[in-house]
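Participant: The file below is data-v3.txt, compact mmCIF, N, CA and C atoms:
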```txt
# COMPACT_ATOMS: atom_id res chain seq x y z
N MET A 1430 0.85 -1.19 0.00
CA MET A 1430 0.00 0.00 0.00
C MET A 1430 0.90 1.25 0.00
N ASN A 1431 0.50 2.23 -0.75
CA ASN A 1431 1.23 3.50 -0.79
C ASN A 1431 0.66 4.41 0.31
N TRP A 1432 1.21 4.27 1.51
CA TRP A 1432 0.68 5.01 2.66
C TRP A 1432 0.95 6.49 2.57
N THR A 1433 1.98 6.90 1.86
CA THR A 1433 2.23 8.34 1.68
C THR A 1433 1.07 8.96 0.92
N MET A 1434 0.64 8.32 -0.15
CA MET A 1434 -0.49 8.83 -0.92
C MET A 1434 -1.79 8.77 -0.12
N VAL A 1435 -2.02 7.65 0.56
CA VAL A 1435 -3.23 7.51 1.37
C VAL A 1435 -3.25 8.61 2.45
N GLY A 1436 -2.12 8.81 3.12
CA GLY A 1436 -2.05 9.83 4.15
C GLY A 1436 -2.28 11.24 3.60
N ALA A 1437 -1.72 11.50 2.42
CA ALA A 1437 -1.92 12.82 1.82
C ALA A 1437 -3.40 13.05 1.49
N LEU A 1438 -4.05 12.04 0.95
CA LEU A 1438 -5.47 12.17 0.64
C LEU A 1438 -6.33 12.26 1.91
N TRP A 1439 -5.93 11.51 2.95
CA TRP A 1439 -6.65 11.56 4.23
C TRP A 1439 -6.49 12.96 4.84
N GLY A 1440 -5.30 13.55 4.67
CA GLY A 1440 -5.08 14.91 5.14
C GLY A 1440 -5.89 15.92 4.35
N LEU A 1441 -5.95 15.75 3.05
CA LEU A 1441 -6.76 16.63 2.20
C LEU A 1441 -8.22 16.62 2.67
N LEU A 1442 -8.75 15.42 2.89
CA LEU A 1442 -10.12 15.31 3.36
C LEU A 1442 -10.27 15.93 4.75
N GLY A 1443 -9.28 15.72 5.62
CA GLY A 1443 -9.34 16.29 6.97
C GLY A 1443 -9.36 17.81 6.97
N VAL A 1444 -8.56 18.42 6.10
CA VAL A 1444 -8.56 19.89 6.01
C VAL A 1444 -9.91 20.38 5.50
N GLY A 1445 -10.43 19.70 4.48
CA GLY A 1445 -11.74 20.09 3.95
C GLY A 1445 -12.84 19.96 4.98
N LEU A 1446 -12.84 18.85 5.71
CA LEU A 1446 -13.86 18.65 6.74
C LEU A 1446 -13.68 19.64 7.89
N GLY A 1447 -12.43 19.93 8.24
CA GLY A 1447 -12.19 20.92 9.29
C GLY A 1447 -12.72 22.29 8.89
N ALA A 1448 -12.47 22.68 7.65
CA ALA A 1448 -12.96 23.97 7.15
C ALA A 1448 -14.49 24.00 7.12
N PHE A 1449 -15.08 22.89 6.71
CA PHE A 1449 -16.55 22.81 6.71
C PHE A 1449 -17.09 22.99 8.11
N GLY A 1450 -16.44 22.35 9.08
CA GLY A 1450 -16.89 22.48 10.46
C GLY A 1450 -16.75 23.90 10.98
N ALA A 1451 -15.65 24.54 10.61
CA ALA A 1451 -15.39 25.90 11.10
C ALA A 1451 -16.31 26.93 10.46
N HIS A 1452 -16.71 26.69 9.22
CA HIS A 1452 -17.49 27.70 8.50
C HIS A 1452 -18.93 27.28 8.21
N GLY A 1453 -19.12 26.04 7.81
CA GLY A 1453 -20.44 25.60 7.39
C GLY A 1453 -21.36 25.15 8.50
N LEU A 1454 -20.79 24.74 9.62
CA LEU A 1454 -21.61 24.21 10.70
C LEU A 1454 -21.94 25.22 11.79
N LYS A 1455 -21.22 26.33 11.82
CA LYS A 1455 -21.41 27.28 12.92
C LYS A 1455 -22.86 27.71 13.11
N ALA A 1456 -23.58 27.86 12.02
CA ALA A 1456 -24.95 28.35 12.12
C ALA A 1456 -25.94 27.26 12.53
N VAL A 1457 -25.57 26.00 12.38
CA VAL A 1457 -26.55 24.94 12.62
C VAL A 1457 -26.18 23.97 13.74
N ALA A 1458 -24.91 23.85 14.07
CA ALA A 1458 -24.50 22.87 15.08
C ALA A 1458 -24.47 23.50 16.47
N THR A 1459 -24.63 22.66 17.46
CA THR A 1459 -24.52 23.11 18.85
C THR A 1459 -23.04 23.31 19.18
N GLY A 1460 -22.78 23.91 20.32
CA GLY A 1460 -21.39 24.05 20.78
C GLY A 1460 -20.73 22.70 20.95
N GLN A 1461 -21.47 21.74 21.50
CA GLN A 1461 -20.94 20.39 21.67
C GLN A 1461 -20.66 19.75 20.31
N GLY A 1462 -21.56 19.94 19.36
CA GLY A 1462 -21.37 19.40 18.03
C GLY A 1462 -20.13 19.96 17.35
N LEU A 1463 -19.91 21.27 17.50
CA LEU A 1463 -18.70 21.88 16.93
C LEU A 1463 -17.44 21.34 17.59
N ALA A 1464 -17.51 21.10 18.88
CA ALA A 1464 -16.35 20.53 19.59
C ALA A 1464 -16.06 19.11 19.10
N TRP A 1465 -17.12 18.32 18.90
CA TRP A 1465 -16.93 16.97 18.37
C TRP A 1465 -16.29 17.03 16.99
N TRP A 1466 -16.79 17.93 16.16
CA TRP A 1466 -16.28 18.05 14.80
C TRP A 1466 -14.80 18.42 14.81
N GLU A 1467 -14.46 19.39 15.65
CA GLU A 1467 -13.05 19.82 15.75
C GLU A 1467 -12.15 18.68 16.23
N THR A 1468 -12.61 17.93 17.21
CA THR A 1468 -11.82 16.79 17.70
C THR A 1468 -11.64 15.75 16.60
N GLY A 1469 -12.71 15.46 15.88
CA GLY A 1469 -12.61 14.50 14.78
C GLY A 1469 -11.62 14.94 13.72
N ALA A 1470 -11.67 16.21 13.34
CA ALA A 1470 -10.76 16.72 12.31
C ALA A 1470 -9.31 16.69 12.81
N ARG A 1471 -9.10 17.03 14.06
CA ARG A 1471 -7.73 17.03 14.60
C ARG A 1471 -7.14 15.62 14.59
N TYR A 1472 -7.88 14.65 15.05
CA TYR A 1472 -7.37 13.28 15.07
C TYR A 1472 -7.19 12.74 13.65
N GLN A 1473 -8.08 13.11 12.75
CA GLN A 1473 -7.91 12.68 11.36
C GLN A 1473 -6.62 13.25 10.78
N LEU A 1474 -6.35 14.53 11.03
CA LEU A 1474 -5.14 15.15 10.49
C LEU A 1474 -3.87 14.59 11.11
N VAL A 1475 -3.88 14.35 12.41
CA VAL A 1475 -2.71 13.76 13.06
C VAL A 1475 -2.40 12.40 12.46
N HIS A 1476 -3.43 11.62 12.21
CA HIS A 1476 -3.20 10.27 11.68
C HIS A 1476 -2.93 10.29 10.18
N ALA A 1477 -3.33 11.34 9.49
CA ALA A 1477 -2.89 11.52 8.11
C ALA A 1477 -1.38 11.71 8.07
N LEU A 1478 -0.86 12.51 9.00
CA LEU A 1478 0.60 12.70 9.08
C LEU A 1478 1.31 11.40 9.45
N ALA A 1479 0.69 10.63 10.34
CA ALA A 1479 1.29 9.34 10.71
C ALA A 1479 1.35 8.42 9.50
N LEU A 1480 0.32 8.44 8.66
CA LEU A 1480 0.33 7.61 7.46
C LEU A 1480 1.40 8.06 6.47
N VAL A 1481 1.56 9.37 6.33
CA VAL A 1481 2.62 9.89 5.45
C VAL A 1481 3.99 9.45 5.98
N ALA A 1482 4.19 9.58 7.28
CA ALA A 1482 5.47 9.16 7.88
C ALA A 1482 5.70 7.67 7.68
N LEU A 1483 4.66 6.87 7.84
CA LEU A 1483 4.79 5.43 7.61
C LEU A 1483 5.20 5.15 6.17
N GLY A 1484 4.58 5.85 5.24
CA GLY A 1484 4.92 5.68 3.83
C GLY A 1484 6.37 6.03 3.55
N LEU A 1485 6.85 7.08 4.17
CA LEU A 1485 8.26 7.47 3.99
C LEU A 1485 9.18 6.43 4.61
N LEU A 1486 8.80 5.90 5.76
CA LEU A 1486 9.59 4.86 6.41
C LEU A 1486 9.65 3.60 5.54
N GLN A 1487 8.56 3.29 4.88
CA GLN A 1487 8.52 2.09 4.04
C GLN A 1487 9.49 2.18 2.87
N GLN A 1488 9.88 3.38 2.48
CA GLN A 1488 10.85 3.52 1.39
C GLN A 1488 12.20 2.95 1.80
N HIS A 1489 12.46 2.91 3.11
CA HIS A 1489 13.74 2.41 3.62
C HIS A 1489 13.61 1.03 4.26
N ARG A 1490 12.42 0.75 4.80
CA ARG A 1490 12.16 -0.54 5.46
C ARG A 1490 10.77 -1.01 5.08
N PRO A 1491 10.66 -1.89 4.10
CA PRO A 1491 9.34 -2.37 3.68
C PRO A 1491 8.58 -3.02 4.84
N GLY A 1492 7.28 -2.98 4.74
CA GLY A 1492 6.42 -3.55 5.77
C GLY A 1492 5.66 -2.47 6.50
N GLY A 1493 4.92 -2.86 7.51
CA GLY A 1493 4.19 -1.90 8.33
C GLY A 1493 2.76 -1.67 7.91
N ASP A 1494 2.25 -2.51 7.00
CA ASP A 1494 0.87 -2.30 6.55
C ASP A 1494 -0.15 -2.43 7.67
N ALA A 1495 0.11 -3.29 8.65
CA ALA A 1495 -0.84 -3.44 9.76
C ALA A 1495 -0.97 -2.13 10.54
N SER A 1496 0.14 -1.45 10.71
CA SER A 1496 0.12 -0.15 11.37
C SER A 1496 -0.69 0.85 10.56
N GLY A 1497 -0.47 0.87 9.25
CA GLY A 1497 -1.19 1.80 8.39
C GLY A 1497 -2.69 1.56 8.40
N TRP A 1498 -3.08 0.30 8.29
CA TRP A 1498 -4.51 -0.01 8.32
C TRP A 1498 -5.12 0.37 9.67
N SER A 1499 -4.38 0.16 10.75
CA SER A 1499 -4.89 0.52 12.08
C SER A 1499 -5.08 2.03 12.20
N PHE A 1500 -4.11 2.79 11.69
CA PHE A 1500 -4.24 4.26 11.70
C PHE A 1500 -5.45 4.69 10.87
N LEU A 1501 -5.56 4.16 9.66
CA LEU A 1501 -6.61 4.61 8.75
C LEU A 1501 -8.00 4.21 9.27
N LEU A 1502 -8.19 2.94 9.57
CA LEU A 1502 -9.51 2.50 10.01
C LEU A 1502 -9.87 3.05 11.38
N GLY A 1503 -8.87 3.10 12.28
CA GLY A 1503 -9.13 3.65 13.61
C GLY A 1503 -9.55 5.11 13.55
N SER A 1504 -8.83 5.90 12.77
CA SER A 1504 -9.19 7.33 12.68
C SER A 1504 -10.48 7.52 11.91
N ALA A 1505 -10.79 6.65 10.95
CA ALA A 1505 -12.06 6.75 10.24
C ALA A 1505 -13.24 6.49 11.17
N VAL A 1506 -13.12 5.47 12.01
CA VAL A 1506 -14.20 5.16 12.96
C VAL A 1506 -14.30 6.26 14.02
N PHE A 1507 -13.15 6.64 14.59
CA PHE A 1507 -13.14 7.66 15.64
C PHE A 1507 -13.72 8.98 15.12
N SER A 1508 -13.12 9.49 14.06
CA SER A 1508 -13.56 10.78 13.53
C SER A 1508 -14.95 10.69 12.91
N GLY A 1509 -15.21 9.59 12.21
CA GLY A 1509 -16.51 9.45 11.56
C GLY A 1509 -17.67 9.47 12.53
N THR A 1510 -17.51 8.81 13.67
CA THR A 1510 -18.61 8.83 14.65
C THR A 1510 -18.79 10.22 15.25
N LEU A 1511 -17.70 10.94 15.46
CA LEU A 1511 -17.81 12.30 15.98
C LEU A 1511 -18.46 13.23 14.95
N TYR A 1512 -18.05 13.09 13.68
CA TYR A 1512 -18.69 13.89 12.62
C TYR A 1512 -20.18 13.60 12.56
N ALA A 1513 -20.53 12.32 12.63
CA ALA A 1513 -21.94 11.94 12.53
C ALA A 1513 -22.76 12.53 13.69
N MET A 1514 -22.22 12.45 14.90
CA MET A 1514 -22.96 13.01 16.04
C MET A 1514 -23.09 14.52 15.92
N ALA A 1515 -22.06 15.17 15.41
CA ALA A 1515 -22.13 16.63 15.23
C ALA A 1515 -23.23 17.00 14.24
N LEU A 1516 -23.50 16.09 13.30
CA LEU A 1516 -24.54 16.34 12.31
C LEU A 1516 -25.92 15.87 12.76
N GLY A 1517 -26.02 15.37 13.99
CA GLY A 1517 -27.31 15.00 14.54
C GLY A 1517 -27.57 13.52 14.73
N ALA A 1518 -26.59 12.68 14.46
CA ALA A 1518 -26.77 11.24 14.67
C ALA A 1518 -27.00 10.98 16.16
N PRO A 1519 -27.62 9.87 16.51
CA PRO A 1519 -27.91 9.57 17.91
C PRO A 1519 -26.63 9.54 18.77
N ARG A 1520 -26.77 9.99 19.99
CA ARG A 1520 -25.62 10.06 20.91
C ARG A 1520 -25.05 8.70 21.24
N TRP A 1521 -25.85 7.62 21.13
CA TRP A 1521 -25.33 6.29 21.43
C TRP A 1521 -24.18 5.92 20.51
N LEU A 1522 -24.07 6.59 19.37
CA LEU A 1522 -22.96 6.34 18.45
C LEU A 1522 -21.62 6.66 19.12
N GLY A 1523 -21.67 7.51 20.13
CA GLY A 1523 -20.46 7.82 20.88
C GLY A 1523 -19.85 6.60 21.56
N ALA A 1524 -20.65 5.57 21.77
CA ALA A 1524 -20.13 4.33 22.36
C ALA A 1524 -19.22 3.59 21.39
N VAL A 1525 -19.33 3.89 20.10
CA VAL A 1525 -18.49 3.26 19.08
C VAL A 1525 -17.16 3.99 18.94
N THR A 1526 -17.15 5.27 19.26
CA THR A 1526 -15.96 6.11 19.09
C THR A 1526 -14.71 5.51 19.71
N PRO A 1527 -14.74 4.97 20.94
CA PRO A 1527 -13.53 4.41 21.53
C PRO A 1527 -12.94 3.23 20.75
N ILE A 1528 -13.77 2.54 19.97
CA ILE A 1528 -13.23 1.45 19.15
C ILE A 1528 -12.22 2.03 18.16
N GLY A 1529 -12.56 3.16 17.58
CA GLY A 1529 -11.62 3.84 16.70
C GLY A 1529 -10.37 4.28 17.44
N GLY A 1530 -10.54 4.74 18.67
CA GLY A 1530 -9.39 5.13 19.48
C GLY A 1530 -8.46 3.96 19.73
N VAL A 1531 -9.02 2.80 20.00
CA VAL A 1531 -8.20 1.60 20.21
C VAL A 1531 -7.46 1.25 18.92
N GLY A 1532 -8.13 1.41 17.78
CA GLY A 1532 -7.47 1.15 16.50
C GLY A 1532 -6.28 2.07 16.28
N MET A 1533 -6.45 3.35 16.59
CA MET A 1533 -5.33 4.30 16.44
C MET A 1533 -4.20 3.94 17.39
N MET A 1534 -4.53 3.59 18.63
CA MET A 1534 -3.50 3.20 19.60
C MET A 1534 -2.76 1.96 19.13
N LEU A 1535 -3.49 1.01 18.56
CA LEU A 1535 -2.86 -0.19 18.03
C LEU A 1535 -1.88 0.17 16.91
N GLY A 1536 -2.26 1.11 16.07
CA GLY A 1536 -1.36 1.56 15.00
C GLY A 1536 -0.06 2.11 15.56
N TRP A 1537 -0.15 2.91 16.61
CA TRP A 1537 1.06 3.46 17.23
C TRP A 1537 1.91 2.36 17.86
N LEU A 1538 1.26 1.40 18.51
CA LEU A 1538 2.00 0.28 19.11
C LEU A 1538 2.72 -0.53 18.03
N LEU A 1539 2.00 -0.85 16.96
CA LEU A 1539 2.62 -1.61 15.88
C LEU A 1539 3.77 -0.85 15.23
N LEU A 1540 3.61 0.47 15.10
CA LEU A 1540 4.69 1.28 14.54
C LEU A 1540 5.89 1.28 15.47
N ALA A 1541 5.66 1.38 16.77
CA ALA A 1541 6.76 1.35 17.74
C ALA A 1541 7.50 0.02 17.69
N LEU A 1542 6.74 -1.07 17.64
CA LEU A 1542 7.37 -2.39 17.58
C LEU A 1542 8.18 -2.56 16.29
N ARG A 1543 7.66 -2.03 15.20
CA ARG A 1543 8.36 -2.11 13.93
C ARG A 1543 9.63 -1.27 13.95
N ALA A 1544 9.57 -0.11 14.56
CA ALA A 1544 10.73 0.77 14.61
C ALA A 1544 11.83 0.19 15.53
N ARG A 1545 11.40 -0.61 16.48
CA ARG A 1545 12.35 -1.23 17.40
C ARG A 1545 13.28 -2.19 16.68
N GLY A 1546 12.75 -2.78 15.63
CA GLY A 1546 13.60 -3.66 14.83
C GLY A 1546 13.26 -5.04 14.92
```
Will you turn the file into structure tokens for me?

Facilitator:
Amino acid sequence: MNWTMVGALWGLLGVGLGAFGAHGLKAVATGQGLAWWETGARYQLVHALALVALGLLQQHRPGGDASGWSFLLGSAVFSGTLYAMALGAPRWLGAVTPIGGVGMMLGWLLLALRARG
């Protein structure tokens, strides 16, 4: 997998969604909804950078796809549930958000183990 490209596209989407939240949602979302949206965009962007870094690392040391998938899927679930709740989805969806958090944490653990050698 070309994680540099995936990360760049994930970052592109994160910036767009962040801008939408900052400008397009202010008139319709609650304060809590805007906070959820901002948190989702921040975590998406951080993990976009992690994917880019993984892709650059792969140029020197092949492997690490498990870490990349954990970053991508974990941040998609985490951020996606927050975005959905900000747009009015049921609050029980917040119970799914930590699953994405565990996925992101797993990605960092796998990256650390891979970097260890």

Participant: Give me, as a PyMOL selection string, the residues of chain A that a backbone DSSP run labels alpha helix (DSSP H).

Facilitator: chain A and resi 1432-1448+1460-1487+1494-1515+1526-1545

Participant: Under the rule that all atoms listed in the file are counted, which of A:Trp1466, A:Met1533, A:Ser1499, A:Ala1479 is the nearest residue to A:Thr1433?

Facilitator: A:Ala1479

Participant: I'd like the neighbourhood of stretch 1505-1512 of chain A as a compact mmCIF listing (two decimals) with N, CA and C atoms, in the coordinates of the input, where a residue qualifies if any of its atoms comes within 7 Å (using all atoms listed in the file), though same-chain residues fewer than 6 positions away should be ignored.

Facilitator:
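Written file, selection.txt:
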```txt
# COMPACT_ATOMS: atom_id res chain seq x y z
N TRP A 1465 -17.12 18.32 18.90
CA TRP A 1465 -16.93 16.97 18.37
C TRP A 1465 -16.29 17.03 16.99
N TRP A 1466 -16.79 17.93 16.16
CA TRP A 1466 -16.28 18.05 14.80
C TRP A 1466 -14.80 18.42 14.81
N THR A 1468 -12.61 17.93 17.21
CA THR A 1468 -11.82 16.79 17.70
C THR A 1468 -11.64 15.75 16.60
N GLY A 1469 -12.71 15.46 15.88
CA GLY A 1469 -12.61 14.50 14.78
C GLY A 1469 -11.62 14.94 13.72
N ALA A 1470 -11.67 16.21 13.34
CA ALA A 1470 -10.76 16.72 12.31
C ALA A 1470 -9.31 16.69 12.81
N TYR A 1472 -7.88 14.65 15.05
CA TYR A 1472 -7.37 13.28 15.07
C TYR A 1472 -7.19 12.74 13.65
N GLN A 1473 -8.08 13.11 12.75
CA GLN A 1473 -7.91 12.68 11.36
C GLN A 1473 -6.62 13.25 10.78
N ALA A 1518 -26.59 12.68 14.46
CA ALA A 1518 -26.77 11.24 14.67
C ALA A 1518 -27.00 10.98 16.16
N LEU A 1522 -24.07 6.59 19.37
CA LEU A 1522 -22.96 6.34 18.45
C LEU A 1522 -21.62 6.66 19.12
N GLY A 1523 -21.67 7.51 20.13
CA GLY A 1523 -20.46 7.82 20.88
C GLY A 1523 -19.85 6.60 21.56
N VAL A 1525 -19.33 3.89 20.10
CA VAL A 1525 -18.49 3.26 19.08
C VAL A 1525 -17.16 3.99 18.94
N THR A 1526 -17.15 5.27 19.26
CA THR A 1526 -15.96 6.11 19.09
C THR A 1526 -14.71 5.51 19.71
N PRO A 1527 -14.74 4.97 20.94
CA PRO A 1527 -13.53 4.41 21.53
C PRO A 1527 -12.94 3.23 20.75
N ILE A 1528 -13.77 2.54 19.97
CA ILE A 1528 -13.23 1.45 19.15
C ILE A 1528 -12.22 2.03 18.16
N GLY A 1529 -12.56 3.16 17.58
CA GLY A 1529 -11.62 3.84 16.70
C GLY A 1529 -10.37 4.28 17.44
N GLY A 1530 -10.54 4.74 18.67
CA GLY A 1530 -9.39 5.13 19.48
C GLY A 1530 -8.46 3.96 19.73
```

Participant: Given all atoms listed in the file as the basis, pick out the residue of A:Leu1516, A:Gly1532, A:Met1430, A:Leu1502 nearest to A:Val1457.

Facilitator: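 Selected residue with least distance to A:Val1457: A:Leu1516.
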
Participant: Between A:Gly1503, A:Ala1482, A:Ala1495, A:Ala1541, single out the one closest to A:Trp1432, counting all atoms listed in the file.

Facilitator: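 Checking each candidate against A:Trp1432, we get A:Ala1482 as the closest.
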
Participant: Mind listing whatever residues come within 12 Å of the point (0.1, -1.6, 18.2)? Use only C-alpha atoms, file coordinates, and give them as a VMD selection string.

Facilitator: chain A and resid 1493 to 1500 1503 1530 to 1544

Participant: Which residue is closest to A:Met1434? Choose from A:Leu1463, A:Leu1446, A:Leu1485, A:Ala1458 and count only C-alpha atoms.

Facilitator: A:Leu1485

Participant: Can you list, as a list in words, every protein, DNA or RNA residue that comes within 7 Å of A:Ala1437 when you count all atoms listed in the file, leaving out same-chain residues fewer than 5 positions away?

Facilitator: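 Surrounding residues, per the criterion: Trp1432, Leu1442, Ala1477, Leu1478, Leu1480 and Val1481 of chain A.
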
Participant: When you count only N, CA and C atoms, which of these residues is closest to A:Leu1441: A:Ala1524, A:Ala1513, A:Leu1474, A:Ala1456?

Facilitator: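 Going through A:Ala1524, A:Ala1513, A:Leu1474, A:Ala1456 one by one, the smallest distance to A:Leu1441 is for A:Leu1474.
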
Participant: Find the residue from A:Ala1448, A:Leu1454, A:Gly1484, A:Gly1460 that sits nearest to A:Val1435; use only N, CA and C atoms when measuring.

Facilitator: A:Gly1484

Participant: Please compute the atom C of A:Pro1491-atom C of A:Arg1471 distance, one decimal, in Å.

Facilitator: 26.3 Å
